[in-house]
>>> print(open('query_39.txt').read())   # compact mmCIF, C-alpha atoms
# COMPACT_ATOMS: atom_id res chain seq x y z
CA MET A 598 49.19 7.36 0.08
CA LYS A 599 46.76 8.21 2.84
CA LYS A 600 44.83 5.24 4.17
CA ILE A 601 41.05 5.58 3.97
CA ASN A 602 39.09 4.24 6.92
CA ARG A 603 35.77 3.10 5.54
CA LYS A 604 32.66 2.50 7.61
CA TYR A 605 30.47 -0.41 6.60
CA THR A 606 26.77 -0.64 7.33
CA ASP A 607 25.10 -3.63 8.96
CA GLU A 608 23.27 -4.35 5.70
CA PHE A 609 26.55 -4.61 3.83
CA LYS A 610 28.08 -6.79 6.56
CA LEU A 611 25.09 -9.13 6.48
CA MET A 612 25.28 -9.38 2.69
CA VAL A 613 28.98 -10.32 2.83
CA VAL A 614 28.47 -12.90 5.57
CA ASN A 615 25.50 -14.46 3.74
CA ASP A 616 27.56 -14.62 0.57
CA TYR A 617 30.30 -16.38 2.53
CA TYR A 618 27.78 -18.88 3.89
CA ASN A 619 26.04 -19.63 0.60
CA SER A 620 28.82 -19.47 -2.01
CA PRO A 621 31.61 -21.98 -2.56
CA LEU A 622 34.22 -19.23 -2.11
CA GLY A 623 36.48 -19.24 0.89
CA VAL A 624 36.86 -16.44 3.39
CA ARG A 625 39.91 -14.99 1.62
CA ALA A 626 38.15 -15.08 -1.74
CA ILE A 627 35.09 -13.34 -0.30
CA ALA A 628 37.30 -10.65 1.23
CA GLN A 629 38.99 -10.14 -2.13
CA LYS A 630 35.63 -10.07 -3.92
CA TYR A 631 34.36 -7.19 -1.77
CA ASN A 632 37.72 -5.36 -1.64
CA LEU A 633 38.14 -5.92 2.09
CA PRO A 634 41.60 -5.31 3.56
CA SER A 635 41.61 -8.61 5.43
CA LYS A 636 39.65 -11.83 5.85
CA ASN A 637 39.39 -11.02 9.55
CA TYR A 638 36.71 -8.47 8.68
CA ILE A 639 34.28 -11.27 7.82
CA ASN A 640 34.97 -13.19 11.03
CA ASN A 641 34.57 -10.05 13.12
CA TRP A 642 31.38 -9.07 11.34
CA GLU A 643 29.94 -12.51 11.96
CA ARG A 644 30.46 -12.11 15.70
CA GLN A 645 29.07 -8.56 15.67
CA LEU A 646 25.91 -9.55 13.79
CA LYS A 647 25.26 -12.43 16.17
CA LYS A 648 25.76 -10.13 19.13
CA LYS A 649 23.26 -7.62 17.70
CA GLY A 650 20.74 -10.36 16.99
CA ILE A 651 20.82 -9.86 13.22
CA LEU A 652 22.25 -13.35 12.73
CA PRO A 653 20.90 -16.32 14.70
CA PRO A 654 23.36 -17.33 17.43
CA ASP A 655 23.22 -21.02 16.45
CA VAL A 656 24.38 -20.40 12.88
CA THR A 657 27.76 -22.00 12.23
CA LYS A 658 30.31 -21.53 9.51
CA PRO A 659 30.00 -23.91 6.57
CA ASN A 660 32.71 -26.50 6.07
CA LYS A 661 34.20 -25.58 2.72
CA ALA A 662 37.47 -27.46 2.88
CA ALA A 663 36.15 -30.75 1.50
CA GLY A 664 35.63 -31.04 -2.23
CA ARG A 665 36.43 -27.43 -3.01
CA SER A 666 37.66 -26.70 -6.52
CA LYS A 667 40.68 -24.59 -7.33
CA GLU A 668 38.44 -21.98 -8.95
CA SER A 669 36.63 -21.40 -5.65
CA ILE A 670 39.77 -20.79 -3.62
CA ALA A 671 40.37 -17.34 -5.05
CA TYR A 672 37.99 -14.83 -6.56
CA LYS A 673 39.10 -13.78 -10.01
CA ASP A 674 38.31 -10.22 -10.94
CA THR A 675 37.96 -10.32 -14.72
CA ARG A 676 37.83 -6.55 -15.09
CA THR A 677 40.69 -4.85 -16.87
CA PRO A 678 42.57 -1.99 -15.17
CA ARG A 679 40.91 0.44 -17.58
CA GLU A 680 37.44 -0.84 -16.62
CA LYS A 681 38.26 -0.56 -12.92
CA HIS A 682 39.50 2.99 -13.45
CA TYR A 683 36.37 4.05 -15.34
CA GLU A 684 34.03 2.40 -12.83
CA ALA A 685 35.72 4.29 -10.01
CA LYS A 686 35.41 7.54 -11.97
CA ILE A 687 31.72 6.89 -12.64
CA GLN A 688 31.10 6.22 -8.94
CA ILE A 689 32.74 9.52 -8.01
CA LEU A 690 30.82 11.48 -10.65
CA GLU A 691 27.48 9.96 -9.62
CA ALA A 692 28.19 10.82 -5.99
CA LYS A 693 29.15 14.40 -6.92
CA ILE A 694 25.97 14.91 -8.94
CA ALA A 695 23.78 13.48 -6.18
CA TYR A 696 25.50 15.63 -3.55
CA LEU A 697 25.13 18.83 -5.57
CA GLU A 698 21.45 18.11 -6.26
CA SER A 699 20.85 17.44 -2.57
CA LEU A 700 22.71 20.62 -1.64
CA GLU A 701 20.71 22.67 -4.14
CA SER A 702 17.41 21.41 -2.72
CA LEU A 703 18.40 22.62 0.76
CA LYS A 704 19.60 26.10 -0.24
CA PRO A 705 16.21 27.78 0.43
CA PHE A 706 16.74 26.99 4.12
CA LEU A 707 20.13 28.73 4.25
CA LYS A 708 20.07 32.02 6.15
CA LYS A 709 23.58 32.67 7.41
CA LYS A 710 27.00 31.77 6.09
CA SER A 711 27.78 30.10 9.38
CA LYS A 712 25.28 27.36 8.50
CA ILE A 713 27.05 26.22 5.32
CA ARG A 714 28.76 23.31 7.10
CA GLU A 715 25.46 22.23 8.62
CA LEU A 716 23.91 22.36 5.17
CA LYS A 717 26.62 20.04 3.86
CA TYR A 718 25.88 17.54 6.61
CA LYS A 719 22.18 17.56 5.77
CA ALA A 720 22.90 17.12 2.07
CA ILE A 721 25.00 14.04 2.88
CA MET A 722 22.27 12.64 5.14
CA ASN A 723 19.77 12.76 2.27
CA ILE A 724 21.86 10.46 0.05
CA GLU A 725 24.02 8.49 2.47
CA LEU A 726 22.18 5.25 1.64
CA GLU A 727 22.89 5.60 -2.07
CA HIS A 728 26.61 6.41 -2.00
CA PRO A 729 29.55 5.67 0.33
CA ILE A 730 29.72 8.09 3.24
CA TRP A 731 33.49 8.42 3.04
CA LEU A 732 33.20 9.53 -0.59
CA LEU A 733 30.43 12.05 0.12
CA CYS A 734 32.42 13.54 3.00
CA GLU A 735 35.44 13.83 0.76
CA ILE A 736 33.37 15.62 -1.90
CA ALA A 737 31.82 17.96 0.67
CA GLY A 738 35.19 18.71 2.26
CA VAL A 739 34.21 17.57 5.75
CA SER A 740 35.61 14.84 7.96
CA ARG A 741 33.64 11.69 8.66
CA ALA A 742 34.15 12.14 12.40
CA SER A 743 32.46 15.54 12.37
CA TYR A 744 29.65 14.18 10.20
CA TYR A 745 28.89 11.31 12.57
CA LYS A 746 29.08 13.72 15.49
CA TYR A 747 26.49 15.91 13.79
CA LYS A 748 24.23 12.90 13.16
CA LYS A 749 24.22 12.03 16.84
CA LYS A 750 23.29 15.58 17.76
CA PRO A 751 19.51 15.86 18.34
CA LEU A 752 17.39 18.23 16.29
CA LYS A 753 16.97 21.75 17.52
CA GLY A 754 14.05 22.00 19.85
CA ASN A 755 14.69 23.36 23.29
CA THR A 756 11.11 24.25 24.03
CA LYS A 757 8.11 21.97 24.28
CA ILE A 758 6.51 23.51 21.19
CA ASP A 759 9.62 22.90 19.10
CA LYS A 760 9.62 19.23 20.06
CA LEU A 761 5.90 18.93 19.39
CA VAL A 762 6.26 20.46 15.93
CA ILE A 763 9.00 17.99 15.01
CA ASP A 764 7.05 15.09 16.52
CA ILE A 765 3.84 15.97 14.64
CA TYR A 766 5.81 16.35 11.42
CA ASN A 767 7.42 12.93 11.79
CA LYS A 768 4.14 11.22 12.73
CA SER A 769 2.51 12.59 9.58
CA ASN A 770 5.14 10.85 7.42
CA LYS A 771 6.57 14.28 6.56
CA ARG A 772 3.32 15.36 4.87
CA PHE A 773 2.15 18.08 7.26
CA GLY A 774 2.93 21.70 6.50
CA TYR A 775 2.78 24.59 8.92
CA ARG A 776 -1.01 24.92 8.54
CA SER A 777 -1.72 21.28 9.44
CA ILE A 778 0.78 21.39 12.30
CA LYS A 779 -0.83 24.59 13.64
CA SER A 780 -4.26 22.95 13.50
CA THR A 781 -2.99 19.81 15.27
CA LEU A 782 -1.34 21.85 18.01
CA ASN A 783 -4.55 23.77 18.55
CA ASN A 784 -6.99 20.83 18.45
CA GLU A 785 -5.02 18.01 20.08
CA TYR A 786 -2.53 19.76 22.36
CA ASN A 787 -4.42 23.00 23.15
CA PHE A 788 -1.46 25.11 22.03
CA ILE A 789 -2.25 28.35 20.24
CA VAL A 790 0.86 29.13 18.21
CA ASN A 791 1.38 31.68 15.47
CA HIS A 792 1.93 30.11 12.08
CA LYS A 793 5.08 32.19 11.59
CA LYS A 794 6.69 30.56 14.60
CA ILE A 795 5.93 27.11 13.20
CA GLN A 796 7.46 28.16 9.89
CA ARG A 797 10.57 29.36 11.72
CA ILE A 798 10.90 26.06 13.61
CA MET A 799 10.54 24.10 10.38
CA LYS A 800 13.14 26.25 8.63
CA GLU A 801 15.62 25.90 11.48
CA ASN A 802 15.33 22.12 11.27
CA SER A 803 15.21 22.04 7.45
CA ILE A 804 11.89 20.22 7.31
CA GLN A 805 9.15 20.82 4.80
CA SER A 806 5.99 19.03 3.78
CA ILE A 807 5.91 16.67 0.83
CA VAL A 808 3.81 18.37 -1.82
CA ARG A 809 1.59 16.03 -3.77
CA LYS A 810 1.29 16.64 -7.47
CA LYS A 811 -2.07 18.07 -8.40
CA TYR A 812 -4.15 15.95 -10.71
CA LYS A 813 -4.80 17.62 -14.03
CA LYS A 814 -7.68 16.30 -16.04
CA PRO A 815 -6.51 15.58 -19.58
CA LYS A 816 -8.00 17.96 -22.07
CA GLU A 817 -10.25 16.43 -24.69
CA GLN A 818 -9.34 17.27 -28.23
CA SER A 819 -11.87 19.77 -29.56
CA ILE A 820 -13.52 19.12 -32.91
CA ILE A 821 -14.23 22.17 -35.07
CA LYS A 822 -17.09 21.70 -37.52
CA GLU A 823 -17.60 23.56 -40.77
CA ASN A 824 -19.70 26.74 -40.51
CA ILE A 825 -22.49 25.77 -42.90
CA LEU A 826 -24.93 28.50 -41.84
CA ASN A 827 -22.30 31.26 -42.18
CA ARG A 828 -24.60 33.80 -40.44
CA ASP A 829 -27.34 33.43 -43.05
CA PHE A 830 -30.41 33.41 -40.79
CA ASN A 831 -33.01 33.68 -43.56
CA SER A 832 -35.13 30.57 -44.09
CA THR A 833 -37.65 29.96 -46.89
CA LYS A 834 -39.42 26.90 -45.45
CA PRO A 835 -40.01 25.22 -42.08
CA GLY A 836 -37.37 22.82 -40.84
CA GLU A 837 -34.65 24.21 -43.11
CA LYS A 838 -32.47 25.97 -40.53
CA PHE A 839 -32.32 25.58 -36.76
CA ILE A 840 -30.38 27.42 -34.08
CA THR A 841 -29.84 26.44 -30.46
CA ASP A 842 -28.84 28.12 -27.23
CA ILE A 843 -28.49 27.27 -23.54
CA THR A 844 -30.01 29.58 -20.92
CA TYR A 845 -28.90 29.66 -17.27
CA ILE A 846 -31.85 29.71 -14.84
CA PRO A 847 -30.87 30.21 -11.17
CA THR A 848 -33.16 28.53 -8.63
CA GLN A 849 -33.18 28.18 -4.85
CA ARG A 850 -31.61 24.73 -5.04
CA LYS A 851 -29.03 25.12 -7.77
CA MET A 852 -28.44 26.40 -11.26
CA THR A 853 -30.74 24.96 -13.94
CA TYR A 854 -30.01 24.88 -17.66
CA LEU A 855 -32.54 25.27 -20.50
CA CYS A 856 -31.51 24.11 -23.94
CA THR A 857 -33.79 25.36 -26.74
CA ILE A 858 -33.86 24.72 -30.50
CA ILE A 859 -35.54 27.41 -32.64
CA ASP A 860 -36.71 27.17 -36.24
CA LEU A 861 -35.48 30.22 -38.16
CA PHE A 862 -38.47 30.12 -40.50
CA ASN A 863 -40.88 31.48 -37.87
CA ASN A 864 -38.54 31.88 -34.82
CA GLU A 865 -40.57 29.41 -32.79
CA PRO A 866 -39.05 26.82 -30.44
CA VAL A 867 -39.45 23.29 -31.75
CA ALA A 868 -37.76 21.45 -28.87
CA TRP A 869 -36.39 22.17 -25.42
CA THR A 870 -34.91 20.36 -22.43
CA VAL A 871 -34.33 21.41 -18.82
CA SER A 872 -31.52 19.83 -16.82
CA GLU A 873 -29.41 20.43 -13.72
CA CYS A 874 -26.24 19.43 -15.58
CA GLN A 875 -24.73 21.25 -18.50
CA ASP A 876 -23.23 18.40 -20.45
CA LYS A 877 -23.44 16.88 -23.91
CA ASN A 878 -26.54 14.87 -22.96
CA LEU A 879 -28.45 18.14 -22.57
CA SER A 880 -27.94 18.99 -26.24
CA ILE A 881 -28.39 15.42 -27.49
CA ASP A 882 -31.70 14.96 -25.65
CA THR A 883 -32.99 18.23 -27.11
CA ILE A 884 -32.07 17.23 -30.67
CA LYS A 885 -33.88 13.91 -30.26
CA LYS A 886 -37.11 15.78 -29.49
CA ILE A 887 -37.26 17.40 -32.94
CA ASN A 888 -40.13 15.88 -34.92
>>> encode(input="query_39.txt", output="structure tokens")
Amino acid sequence: MKKINRKYTDEFKLMVVNDYYNSPLGVRAIAQKYNLPSKNYINNWERQLKKKGILPPDVTKPNKAAGRSKESIAYKDTRTPREKHYEAKIQILEAKIAYLESLESLKPFLKKKSKIRELKYKAIMNIELEHPIWLLCEIAGVSRASYYKYKKKPLKGNTKIDKLVIDIYNKSNKRFGYRSIKSTLNNEYNFIVNHKKIQRIMKENSIQSIVRKKYKKPKEQSIIKENILNRDFNSTKPGEKFITDITYIPTQRKMTYLCTIIDLFNNEPVAWTVSECQDKNLSIDTIKKIN
């Protein structure tokens, strides 16, 4: 069986070392708990984290030899072989789904077949914090060495404008599109660049602005009343039937609205209201004026 060389992040190393410090388990039990090949991993990680400044240099290993129970000497994995098998399968399936979704989101940027490998690397970069890198590389069919080599390679940007576009995009927390970047280049850097060139630079580096969801005002449920009048506009006495209408009156300042109520007996207005807002208050205020 081929041996898999796994790469562990500093966050994972710190979590393991802290667990070793704070739990009653010994170094061998901690290594077994996290499926580490050897207990030496924990000792090496402790030195590495201190060297990087992640762990304080004066922190010492806890003395766990005294008063340690038999249960704490070894970590007991209570999972059955079937449970372990299914958990491994679930992890692989989740990683495959996440990789395919990430790959699908990047397909609009694909122009040539020669960029398929680069697209795979970018798809892995989008989800590398959620799933093991070795598993994602295995799913994508690329080696981890080539992936890490690609990560170290700087973004495309040989010219000054290319670097400025990428820099402006990153400073905007990935919210600027080509229009905002073009405006920033023009106003702050005195660069007049065609928007198509900015779009090309963004496509080459697979960057796009984060689109905010537009707010949609919830629609109020309309209430349909019974048609009592039923187009019978004949009235035999005053105050029996009224009709209303709103007239738009344009002025120099803004549009003005006239709401009028007419008595069908003699077709004379009995109440009216003028307002600059066409809302429900316009109709309500007019109705209140009826004697």
>>> atom_distance(input="query_39.txt", atom1="atom CA of Glu727 of chain A", atom2="atom CA of Ala692 of chain A")
8.4 Å
>>> residues_around(input="query_39.txt", residues="Tyr617 of chain A", least_positions_apart="3", cutoff="9 Å", atoms="all atoms listed in the file", output="ChimeraX atom specification")
/A:612-614,620-624,627,639,658-659
>>> closest_residue(input="query_39.txt", among="A:Leu646, A:Ile724, A:Leu703, A:Leu716", to="Gln805 of chain A", atoms="only C-alpha atoms")
A:Leu703
>>> residues_near_point(input="query_39.txt", point="(-2.3, 26.5, 12.9)", cutoff="9 Å", atoms="only C-alpha atoms", output="count of residues only")
14
>>> residues_around(input="query_39.txt", residues="Lys757 of chain A", least_positions_apart="5", cutoff="12 Å", atoms="all atoms listed in the file", output="PyMOL selection string")
chain A and resi 762-764+782+786+788+790+798
>>> residues_near_point(input="query_39.txt", point="(-43.5, 20.5, -32.7)", cutoff="10 Å", atoms="all atoms listed in the file", output="PyMOL selection string")
chain A and resi 865-868+886-888
>>> closest_residue(input="query_39.txt", among="A:Leu879, A:Leu700, A:Ile859, A:Thr677", to="Ile713 of chain A", atoms="all atoms listed in the file")
A:Leu700
>>> atom_distance(input="query_39.txt", atom1="atom CA of Tyr747 of chain A", atom2="atom CA of Lys768 of chain A")
22.9 Å
>>> residues_around(input="query_39.txt", residues="Pro653 of chain A", least_positions_apart="6", cutoff="12 Å", atoms="all atoms listed in the file", output="list in words")
Leu611, Glu643, Arg644, Gln645, Leu646 and Lys647 of chain A
>>> residues_around(input="query_39.txt", residues="Lys712 of chain A", least_positions_apart="5", cutoff="12 Å", atoms="only C-alpha atoms", output="list in words")
Leu703, Lys704, Phe706, Leu707, Lys717, Tyr718, Lys719, Glu801, Asn802 and Ser803 of chain A
>>> closest_residue(input="query_39.txt", among="A:Lys604, A:Gly836, A:Ala626, A:Lys636", to="Arg741 of chain A", atoms="only C-alpha atoms")
A:Lys604
>>> decode(input="query_39.txt", residues="segment 829-853 of chain A", atoms="N, CA and C atoms", output="tab-separated table (two decimals), in the first residue's frame")
chain	number	residue	atom	x	y	z
A	829	ASP	N	-73.16	51.44	-11.60
A	829	ASP	CA	-74.47	52.13	-11.58
A	829	ASP	C	-74.23	53.54	-11.03
A	830	PHE	N	-74.07	54.51	-11.93
A	830	PHE	CA	-73.70	55.86	-11.54
A	830	PHE	C	-74.91	56.79	-11.36
A	831	ASN	N	-76.09	56.25	-11.35
A	831	ASN	CA	-77.30	57.07	-11.15
A	831	ASN	C	-77.60	57.17	-9.66
A	832	SER	N	-77.82	58.40	-9.19
A	832	SER	CA	-78.10	58.63	-7.78
A	832	SER	C	-79.40	59.43	-7.66
A	833	THR	N	-80.24	59.06	-6.70
A	833	THR	CA	-81.55	59.71	-6.53
A	833	THR	C	-81.56	60.77	-5.44
A	834	LYS	N	-80.50	60.81	-4.60
A	834	LYS	CA	-80.47	61.80	-3.52
A	834	LYS	C	-79.02	62.13	-3.20
A	835	PRO	N	-78.78	63.30	-2.61
A	835	PRO	CA	-77.41	63.69	-2.27
A	835	PRO	C	-76.81	62.76	-1.20
A	836	GLY	N	-75.52	62.53	-1.34
A	836	GLY	CA	-74.80	61.73	-0.36
A	836	GLY	C	-75.05	60.24	-0.46
A	837	GLU	N	-75.68	59.80	-1.55
A	837	GLU	CA	-75.96	58.37	-1.70
A	837	GLU	C	-74.76	57.63	-2.30
A	838	LYS	N	-74.17	58.20	-3.34
A	838	LYS	CA	-73.05	57.55	-4.03
A	838	LYS	C	-71.94	58.57	-4.27
A	839	PHE	N	-70.72	58.14	-3.96
A	839	PHE	CA	-69.55	58.99	-4.17
A	839	PHE	C	-68.53	58.23	-5.05
A	840	ILE	N	-67.79	58.99	-5.81
A	840	ILE	CA	-66.66	58.43	-6.56
A	840	ILE	C	-65.43	59.30	-6.27
A	841	THR	N	-64.27	58.71	-6.44
A	841	THR	CA	-63.03	59.44	-6.15
A	841	THR	C	-62.01	59.18	-7.25
A	842	ASP	N	-61.08	60.10	-7.36
A	842	ASP	CA	-60.01	59.96	-8.35
A	842	ASP	C	-58.83	60.81	-7.91
A	843	ILE	N	-57.64	60.43	-8.38
A	843	ILE	CA	-56.41	61.18	-8.06
A	843	ILE	C	-55.85	61.75	-9.36
A	844	THR	N	-55.60	63.04	-9.36
A	844	THR	CA	-55.08	63.74	-10.54
A	844	THR	C	-53.63	64.14	-10.30
A	845	TYR	N	-52.78	63.92	-11.31
A	845	TYR	CA	-51.37	64.28	-11.24
A	845	TYR	C	-51.21	65.72	-11.74
A	846	ILE	N	-50.61	66.58	-10.92
A	846	ILE	CA	-50.41	67.98	-11.30
A	846	ILE	C	-48.91	68.28	-11.26
A	847	PRO	N	-48.24	68.36	-12.41
A	847	PRO	CA	-46.80	68.66	-12.41
A	847	PRO	C	-46.55	70.13	-12.07
A	848	THR	N	-45.58	70.39	-11.21
A	848	THR	CA	-45.18	71.74	-10.85
A	848	THR	C	-43.68	71.90	-11.08
A	849	GLN	N	-43.17	73.10	-10.82
A	849	GLN	CA	-41.74	73.34	-11.02
A	849	GLN	C	-40.91	72.58	-10.00
A	850	ARG	N	-41.43	72.40	-8.81
A	850	ARG	CA	-40.69	71.71	-7.76
A	850	ARG	C	-40.74	70.20	-7.95
A	851	LYS	N	-41.95	69.67	-7.92
A	851	LYS	CA	-42.14	68.23	-8.05
A	851	LYS	C	-43.58	67.94	-8.44
A	852	MET	N	-43.89	66.68	-8.56
A	852	MET	CA	-45.24	66.27	-8.90
A	852	MET	C	-46.15	66.43	-7.68
A	853	THR	N	-47.35	66.99	-7.92
A	853	THR	CA	-48.34	67.17	-6.86
A	853	THR	C	-49.57	66.33	-7.20
